[in-house]
Amino acid sequence: MSGQCRVRWAIVASPRGGGITTEVEEKEVATLKDCEAAGSKCHAQADCLQVRNNFTCECRMGYQGNGLLCNDIDECLSGLHRCHSKARCNNNLGSYSCVCINGYVGDGTNCQDINECQKDNGGCHAGCQNLPGSYRCSCQSGFQSNGKSCVDIDECASNTCSLYADCVNTLGSYRCTCNSGFDGNGLTCADLNECNGINECDPSATCINRLGSYECSCLGGFLGDGRLCEDIDECATPNICPSITNCVNTGGSYYCNCGRGYTFNNSKCNDNDECLEDPCSPYANCTNSPGSYSCQCAAGYRGDGFTCVDVDECSLAKQCHSNALCRNVPGSYNCTCQVGYSGEGVIQCIDINECLLDNGGCRNKASCVNNQGSFYCLCQPGYILVNRTLCQDINECEPNNPCGVNEKCKNIDGSYKCPCQVGYYRPASNMDCVDMDECKDNSCHVNATCLNTIGSFTCTCKRGFAGNGTQCEDINECSVEAGFQR
């Protein structure tokens, strides 16, 4: 059996006791005739193998069986294939093949997504969106896709607008316009109340708002279609007013005129009390009369009754006392006695003696002096009035000294004095101050000499004495310290 292949087979077994045992068995490929000679007719998809001295049939790869009968293994169903998750497994006799599904590219064992949008935008009319294994064409707002192209959406077909609006489809959009008589954005339309704004109703008509429109109706006393109303002349109707009156037509009505000052009521003419309407000036009195009235200005005013002007009595002849003030007020005047007088102001204004009460308020060396309509405070000699009621002592020593030579001015309450200065005396009350000879009093020490000076004196210790003149001590000329020698 030279030229035959030798095959080494390794049989791995796990014994019951544990562990792993390996049995290596050599197989050689024999011819089918060898197996037939051994009594085994192999299947067409089987090979004849020699194991030691025996011949056996064994199914080829991709088949399973006992060698005498071999069936194809469907790797796709059994999961024995190596196809990619994005590939389709095709079973073949004794084998299989892998083909990437649509939208993917590769050898079947490795498949990658195809980005269809990279080539010609995927054939899309607008936007292209790549998806795993596929792609999607997207359209702009107002358009919809038919697969490749984008076509306009007719939004008006879905009745997007308000019930009271017209819808106009446009390319990629639409437009809603409220109908006449409505107001809004088209999506929402509210009834427009024409009666609140501009309308075609006649001024003598009533405007009635309707949904989306309005109506005009002439007022009572007018005739027409509401947009044009004409006054009805009621006076054209015979005997509409009594014979004692005149019929007067007015816009939309009429009245029976009795004449000025009267009103027609209950088939007769009644006098009007014009005073009830206050036709006169506020400063006048109204008097009603049959068919008329009159206005007369009240006291203190002058005019025609419809216009009344205040009379300034103070500018006329003398109204008040000579010591009184006149003050005009609306319709009258007031007289008031001036300050310092009392009375009713018209006939009498008597001077008030302010000094009778608490000396008029005068204080500190002051007496009260009454005047006509006033008073004043008079200070005693040596005092001056510093305000209206208070007296203050005058300092006669300032600024000009009234005293004589060798005198000192001394202010006292209400006056002043001029005593002699120190070192001077006054021989008599009416004489000037003269120098005082202090040496007469011999204020010096017995061993001192007194020398009188103007207004003063000095004491000087005699020779052989030392001191201030009021105290003199003998000098010891024999002392060495005195500068003498024996």
# chains A, B, ... in the order shown; residues from 1 in each chain; ligands from 1
>>> residues_around(residues="Val309 of chain A", least_positions_apart="3", cutoff="10 Å", atoms="only C-alpha atoms", output="PyMOL selection string")
chain A and resi 281+283+297-298+300-305+312+330-331
>>> residues_around(residues="Asp74 of chain A", least_positions_apart="2", cutoff="6 Å", atoms="only C-alpha atoms", output="PyMOL selection string")
chain A and resi 76-77+91
>>> write_last_selection(atoms="N, CA and C atoms", output="PDB file, in the first residue's frame")
ATOM      1  N   CYS A  76     -25.499  26.532   8.833  1.00  0.00           N
ATOM      2  CA  CYS A  76     -26.265  27.763   9.111  1.00  0.00           C
ATOM      3  C   CYS A  76     -27.280  27.537  10.221  1.00  0.00           C
ATOM      4  N   LEU A  77     -27.857  26.316  10.267  1.00  0.00           N
ATOM      5  CA  LEU A  77     -28.844  26.028  11.303  1.00  0.00           C
ATOM      6  C   LEU A  77     -28.188  25.621  12.608  1.00  0.00           C
ATOM      7  N   ASN A  91     -26.242  27.662   3.135  1.00  0.00           N
ATOM      8  CA  ASN A  91     -25.722  26.298   3.270  1.00  0.00           C
ATOM      9  C   ASN A  91     -25.486  25.696   1.886  1.00  0.00           C
TER      10      ASN A  91
END
>>> residues_around(residues="Cys35 of chain A", least_positions_apart="6", cutoff="12 Å", atoms="only C-alpha atoms", output="PDB file with N, CA and C atoms, in the first residue's frame")
ATOM      1  N   VAL A  29      -5.269   6.758   4.555  1.00  0.00           N
ATOM      2  CA  VAL A  29      -6.331   6.792   3.548  1.00  0.00           C
ATOM      3  C   VAL A  29      -6.111   5.624   2.593  1.00  0.00           C
ATOM      4  N   LYS A  41     -19.003  -0.786   1.936  1.00  0.00           N
ATOM      5  CA  LYS A  41     -19.135   0.061   0.751  1.00  0.00           C
ATOM      6  C   LYS A  41     -19.382   1.491   1.219  1.00  0.00           C
ATOM      7  N   CYS A  42     -18.385   2.350   1.083  1.00  0.00           N
ATOM      8  CA  CYS A  42     -18.459   3.734   1.602  1.00  0.00           C
ATOM      9  C   CYS A  42     -19.418   4.580   0.780  1.00  0.00           C
ATOM     10  N   HIS A  43     -19.963   5.590   1.468  1.00  0.00           N
ATOM     11  CA  HIS A  43     -20.865   6.567   0.804  1.00  0.00           C
ATOM     12  C   HIS A  43     -20.053   7.426  -0.149  1.00  0.00           C
ATOM     13  N   ALA A  46     -17.886   9.877   1.494  1.00  0.00           N
ATOM     14  CA  ALA A  46     -17.073   9.314   2.566  1.00  0.00           C
ATOM     15  C   ALA A  46     -15.754   8.834   1.982  1.00  0.00           C
ATOM     16  N   ASP A  47     -14.769   8.758   2.843  1.00  0.00           N
ATOM     17  CA  ASP A  47     -13.454   8.253   2.457  1.00  0.00           C
ATOM     18  C   ASP A  47     -13.222   6.933   3.178  1.00  0.00           C
ATOM     19  N   CYS A  48     -12.395   6.071   2.540  1.00  0.00           N
ATOM     20  CA  CYS A  48     -12.023   4.789   3.145  1.00  0.00           C
ATOM     21  C   CYS A  48     -10.704   4.990   3.856  1.00  0.00           C
ATOM     22  N   LEU A  49     -10.655   4.652   5.123  1.00  0.00           N
ATOM     23  CA  LEU A  49      -9.465   4.848   5.925  1.00  0.00           C
ATOM     24  C   LEU A  49      -9.042   3.509   6.513  1.00  0.00           C
ATOM     25  N   GLN A  50      -7.694   3.352   6.617  1.00  0.00           N
ATOM     26  CA  GLN A  50      -7.151   2.139   7.221  1.00  0.00           C
ATOM     27  C   GLN A  50      -6.700   2.485   8.619  1.00  0.00           C
ATOM     28  N   VAL A  51      -7.213   1.791   9.605  1.00  0.00           N
ATOM     29  CA  VAL A  51      -6.820   1.961  10.991  1.00  0.00           C
ATOM     30  C   VAL A  51      -6.214   0.642  11.438  1.00  0.00           C
ATOM     31  N   ASN A  53      -5.015  -2.536  11.107  1.00  0.00           N
ATOM     32  CA  ASN A  53      -5.223  -3.520  10.053  1.00  0.00           C
ATOM     33  C   ASN A  53      -6.657  -3.566   9.576  1.00  0.00           C
ATOM     34  N   ASN A  54      -7.426  -2.582  10.050  1.00  0.00           N
ATOM     35  CA  ASN A  54      -8.843  -2.573   9.660  1.00  0.00           C
ATOM     36  C   ASN A  54      -9.101  -1.434   8.687  1.00  0.00           C
ATOM     37  N   PHE A  55     -10.136  -1.623   7.873  1.00  0.00           N
ATOM     38  CA  PHE A  55     -10.576  -0.588   6.942  1.00  0.00           C
ATOM     39  C   PHE A  55     -11.958  -0.107   7.365  1.00  0.00           C
ATOM     40  N   THR A  56     -12.135   1.208   7.335  1.00  0.00           N
ATOM     41  CA  THR A  56     -13.440   1.777   7.745  1.00  0.00           C
ATOM     42  C   THR A  56     -13.782   2.969   6.854  1.00  0.00           C
ATOM     43  N   CYS A  57     -15.120   3.271   6.785  1.00  0.00           N
ATOM     44  CA  CYS A  57     -15.601   4.426   5.992  1.00  0.00           C
ATOM     45  C   CYS A  57     -15.891   5.600   6.942  1.00  0.00           C
ATOM     46  N   GLU A  58     -15.430   6.771   6.535  1.00  0.00           N
ATOM     47  CA  GLU A  58     -15.617   7.964   7.379  1.00  0.00           C
ATOM     48  C   GLU A  58     -16.075   9.133   6.510  1.00  0.00           C
ATOM     49  N   GLY A  67     -20.395   6.807   7.597  1.00  0.00           N
ATOM     50  CA  GLY A  67     -19.497   6.538   6.477  1.00  0.00           C
ATOM     51  C   GLY A  67     -20.189   5.784   5.386  1.00  0.00           C
ATOM     52  N   LEU A  68     -21.067   4.880   5.768  1.00  0.00           N
ATOM     53  CA  LEU A  68     -21.842   4.161   4.761  1.00  0.00           C
ATOM     54  C   LEU A  68     -22.974   5.044   4.264  1.00  0.00           C
TER      55      LEU A  68
END
>>> select_by_dssp(residues="segment 46-265 of chain A", states="helix (DSSP H, G or I)", output="list in words")
Glu75, Cys76, Leu77, Ser78, Glu116, Cys117, Gln118, Asp120, Asn121, Gly122, Gly123, Glu155, Cys156, Ala157, Ser158, Glu194, Cys195, Asn196, Glu234, Cys235 and Ala236 of chain A
>>> write_last_selection(atoms="C-alpha atoms", output="short mmCIF file (atom, residue, chain, number, x, y, z; two decimals), in the first residue's frame")
data_model
loop_
_atom_site.label_atom_id
_atom_site.label_comp_id
_atom_site.auth_asym_id
_atom_site.auth_seq_id
_atom_site.Cartn_x
_atom_site.Cartn_y
_atom_site.Cartn_z
CA GLU A 75 -23.81 24.85 9.35
CA CYS A 76 -26.26 27.76 9.11
CA LEU A 77 -28.84 26.03 11.30
CA SER A 78 -26.43 24.43 13.71
CA GLU A 116 -25.32 55.68 1.28
CA CYS A 117 -25.44 59.45 1.94
CA GLN A 118 -21.80 59.85 0.81
CA ASP A 120 -25.01 61.63 -4.53
CA ASN A 121 -26.65 62.43 -1.16
CA GLY A 122 -28.18 58.96 -1.27
CA GLY A 123 -30.34 60.16 -4.15
CA GLU A 155 -51.82 71.93 4.81
CA CYS A 156 -55.20 73.29 3.78
CA ALA A 157 -56.39 69.72 3.22
CA SER A 158 -56.21 69.12 6.98
CA GLU A 194 -68.04 96.63 13.87
CA CYS A 195 -70.41 98.56 16.12
CA ASN A 196 -67.45 99.59 18.32
CA GLU A 234 -94.65 114.07 12.69
CA CYS A 235 -96.04 117.60 12.30
CA ALA A 236 -97.34 116.58 8.87
#
>>> residues_around(residues="Ser149 of chain A", least_positions_apart="6", cutoff="9 Å", atoms="only C-alpha atoms", output="list of chain:residue names")
A:Gly123, A:Cys124, A:His125, A:Ala126, A:Cys137, A:Cys139
>>> atom_distance(atom1="atom CA of Gly404 of chain A", atom2="atom CA of Tyr425 of chain A")
12.8 Å
>>> atom_distance(atom1="atom CA of Ala87 of chain A", atom2="atom CA of Gln129 of chain A")
22.5 Å
>>> atom_distance(atom1="atom CA of Asn266 of chain A", atom2="atom CA of Phe222 of chain A")
25.2 Å
>>> residues_around(residues="Gly103 of chain A", least_positions_apart="6", cutoff="10 Å", atoms="only C-alpha atoms", output="PyMOL selection string")
chain A and resi 86+111-116+131-135
>>> residues_around(residues="Gly259 of chain A", least_positions_apart="6", cutoff="9 Å", atoms="only C-alpha atoms", output="compact mmCIF listing (two decimals) with N, CA and C atoms, in the first residue's frame")
# COMPACT_ATOMS: atom_id res chain seq x y z
N THR A 245 -101.38 125.40 20.35
CA THR A 245 -99.93 125.24 20.29
C THR A 245 -99.47 125.15 18.85
N ASN A 246 -98.17 125.25 18.70
CA ASN A 246 -97.54 125.05 17.40
C ASN A 246 -96.76 123.74 17.44
N CYS A 269 -101.08 124.03 28.39
CA CYS A 269 -99.80 124.72 28.54
C CYS A 269 -99.61 125.12 30.00
N GLY A 291 -94.82 132.72 32.51
CA GLY A 291 -94.15 132.71 31.21
C GLY A 291 -92.77 133.31 31.21
>>> closest_residue(among="A:Asn452, A:Asn370, A:Ser95, A:Thr307", to="Gly340 of chain A", atoms="only C-alpha atoms")
A:Asn370
>>> closest_residue(among="A:Gly181, A:Glu477, A:Cys314, A:Cys229", to="Arg210 of chain A", atoms="only C-alpha atoms")
A:Gly181
>>> residues_around(residues="Asn328 of chain A", least_positions_apart="4", cutoff="10 Å", atoms="only C-alpha atoms", output="list of chain:residue names")
A:Asp310, A:Val311, A:Asp312, A:Glu313, A:Cys314, A:Ser315, A:Ser332, A:Tyr333, A:Asn334, A:Cys335
>>> write_last_selection(atoms="N, CA and C atoms", output="PDB file, in the first residue's frame")
ATOM      1  N   ASP A 310     -69.134 141.780  42.893  1.00  0.00           N
ATOM      2  CA  ASP A 310     -69.077 142.242  44.280  1.00  0.00           C
ATOM      3  C   ASP A 310     -68.810 143.751  44.331  1.00  0.00           C
ATOM      4  N   VAL A 311     -69.534 144.429  45.213  1.00  0.00           N
ATOM      5  CA  VAL A 311     -69.333 145.860  45.437  1.00  0.00           C
ATOM      6  C   VAL A 311     -68.279 146.027  46.529  1.00  0.00           C
ATOM      7  N   ASP A 312     -67.207 146.805  46.234  1.00  0.00           N
ATOM      8  CA  ASP A 312     -66.156 147.060  47.224  1.00  0.00           C
ATOM      9  C   ASP A 312     -66.580 148.266  48.061  1.00  0.00           C
ATOM     10  N   GLU A 313     -67.289 147.966  49.160  1.00  0.00           N
ATOM     11  CA  GLU A 313     -67.797 149.046  49.998  1.00  0.00           C
ATOM     12  C   GLU A 313     -66.674 149.905  50.592  1.00  0.00           C
ATOM     13  N   CYS A 314     -65.500 149.309  50.758  1.00  0.00           N
ATOM     14  CA  CYS A 314     -64.388 150.042  51.368  1.00  0.00           C
ATOM     15  C   CYS A 314     -63.872 151.158  50.463  1.00  0.00           C
ATOM     16  N   SER A 315     -64.156 151.057  49.146  1.00  0.00           N
ATOM     17  CA  SER A 315     -63.714 152.099  48.220  1.00  0.00           C
ATOM     18  C   SER A 315     -64.744 153.217  48.086  1.00  0.00           C
ATOM     19  N   SER A 332     -70.299 142.058  51.139  1.00  0.00           N
ATOM     20  CA  SER A 332     -70.370 142.866  52.345  1.00  0.00           C
ATOM     21  C   SER A 332     -68.991 143.431  52.660  1.00  0.00           C
ATOM     22  N   TYR A 333     -68.815 143.903  53.930  1.00  0.00           N
ATOM     23  CA  TYR A 333     -67.526 144.409  54.388  1.00  0.00           C
ATOM     24  C   TYR A 333     -67.489 144.293  55.904  1.00  0.00           C
ATOM     25  N   ASN A 334     -66.270 144.371  56.468  1.00  0.00           N
ATOM     26  CA  ASN A 334     -66.068 144.305  57.913  1.00  0.00           C
ATOM     27  C   ASN A 334     -65.252 145.506  58.367  1.00  0.00           C
ATOM     28  N   CYS A 335     -65.600 146.054  59.553  1.00  0.00           N
ATOM     29  CA  CYS A 335     -64.832 147.127  60.179  1.00  0.00           C
ATOM     30  C   CYS A 335     -64.185 146.578  61.444  1.00  0.00           C
TER      31      CYS A 335
END
>>> closest_residue(among="A:Leu356, A:Asp231, A:Ser267, A:Thr470", to="Tyr254 of chain A", atoms="only C-alpha atoms")
A:Asp231
>>> select_by_dssp(residues="segment 263-404 of chain A", states="strand (DSSP E or B)", output="ChimeraX atom specification")
/A:263-265,268-271,284-289,292-297,301-303,308-310,324-329,332-337,341-342,350-351,363,366-371,374-379,383-385,390-393
>>> closest_residue(among="A:Gln421, A:Asn90, A:Ser173, A:Gly345", to="Lys408 of chain A", atoms="only C-alpha atoms")
A:Gln421
>>> decode(residues="segment 167-205 of chain A", atoms="C-alpha atoms", output="PDB file, in the first residue's frame")
ATOM      1  CA  CYS A 167     -56.594  78.782   3.839  1.00  0.00           C
ATOM      2  CA  VAL A 168     -54.154  79.393   0.957  1.00  0.00           C
ATOM      3  CA  ASN A 169     -51.557  76.668   0.355  1.00  0.00           C
ATOM      4  CA  THR A 170     -48.053  77.892  -0.514  1.00  0.00           C
ATOM      5  CA  LEU A 171     -44.863  76.058  -1.418  1.00  0.00           C
ATOM      6  CA  GLY A 172     -43.667  74.518   1.823  1.00  0.00           C
ATOM      7  CA  SER A 173     -46.193  76.371   3.930  1.00  0.00           C
ATOM      8  CA  TYR A 174     -49.687  77.857   4.008  1.00  0.00           C
ATOM      9  CA  ARG A 175     -51.441  81.092   4.913  1.00  0.00           C
ATOM     10  CA  CYS A 176     -54.592  81.626   6.975  1.00  0.00           C
ATOM     11  CA  THR A 177     -56.555  84.851   6.519  1.00  0.00           C
ATOM     12  CA  CYS A 178     -59.559  85.675   8.684  1.00  0.00           C
ATOM     13  CA  ASN A 179     -62.764  86.271   6.779  1.00  0.00           C
ATOM     14  CA  SER A 180     -64.321  89.702   6.583  1.00  0.00           C
ATOM     15  CA  GLY A 181     -65.952  90.545   9.880  1.00  0.00           C
ATOM     16  CA  PHE A 182     -63.387  88.593  11.897  1.00  0.00           C
ATOM     17  CA  ASP A 183     -60.047  89.512  13.427  1.00  0.00           C
ATOM     18  CA  GLY A 184     -57.085  87.337  14.369  1.00  0.00           C
ATOM     19  CA  ASN A 185     -54.045  85.506  13.029  1.00  0.00           C
ATOM     20  CA  GLY A 186     -56.016  83.107  10.868  1.00  0.00           C
ATOM     21  CA  LEU A 187     -55.500  80.161  13.192  1.00  0.00           C
ATOM     22  CA  THR A 188     -57.774  81.869  15.680  1.00  0.00           C
ATOM     23  CA  CYS A 189     -60.376  84.320  14.432  1.00  0.00           C
ATOM     24  CA  ALA A 190     -62.680  86.301  16.717  1.00  0.00           C
ATOM     25  CA  ASP A 191     -65.782  88.116  15.644  1.00  0.00           C
ATOM     26  CA  LEU A 192     -65.060  91.787  14.924  1.00  0.00           C
ATOM     27  CA  ASN A 193     -67.590  94.048  16.597  1.00  0.00           C
ATOM     28  CA  GLU A 194     -68.042  96.626  13.866  1.00  0.00           C
ATOM     29  CA  CYS A 195     -70.410  98.562  16.121  1.00  0.00           C
ATOM     30  CA  ASN A 196     -67.446  99.585  18.321  1.00  0.00           C
ATOM     31  CA  GLY A 197     -65.512 101.036  15.395  1.00  0.00           C
ATOM     32  CA  ILE A 198     -66.112 102.255  11.881  1.00  0.00           C
ATOM     33  CA  ASN A 199     -69.375 101.122  10.328  1.00  0.00           C
ATOM     34  CA  GLU A 200     -71.796 102.336   7.695  1.00  0.00           C
ATOM     35  CA  CYS A 201     -74.747 102.882  10.000  1.00  0.00           C
ATOM     36  CA  ASP A 202     -76.486 106.253   9.867  1.00  0.00           C
ATOM     37  CA  PRO A 203     -75.930 108.502  12.916  1.00  0.00           C
ATOM     38  CA  SER A 204     -79.680 108.120  13.537  1.00  0.00           C
ATOM     39  CA  ALA A 205     -79.501 104.314  13.534  1.00  0.00           C
TER      40      ALA A 205
END
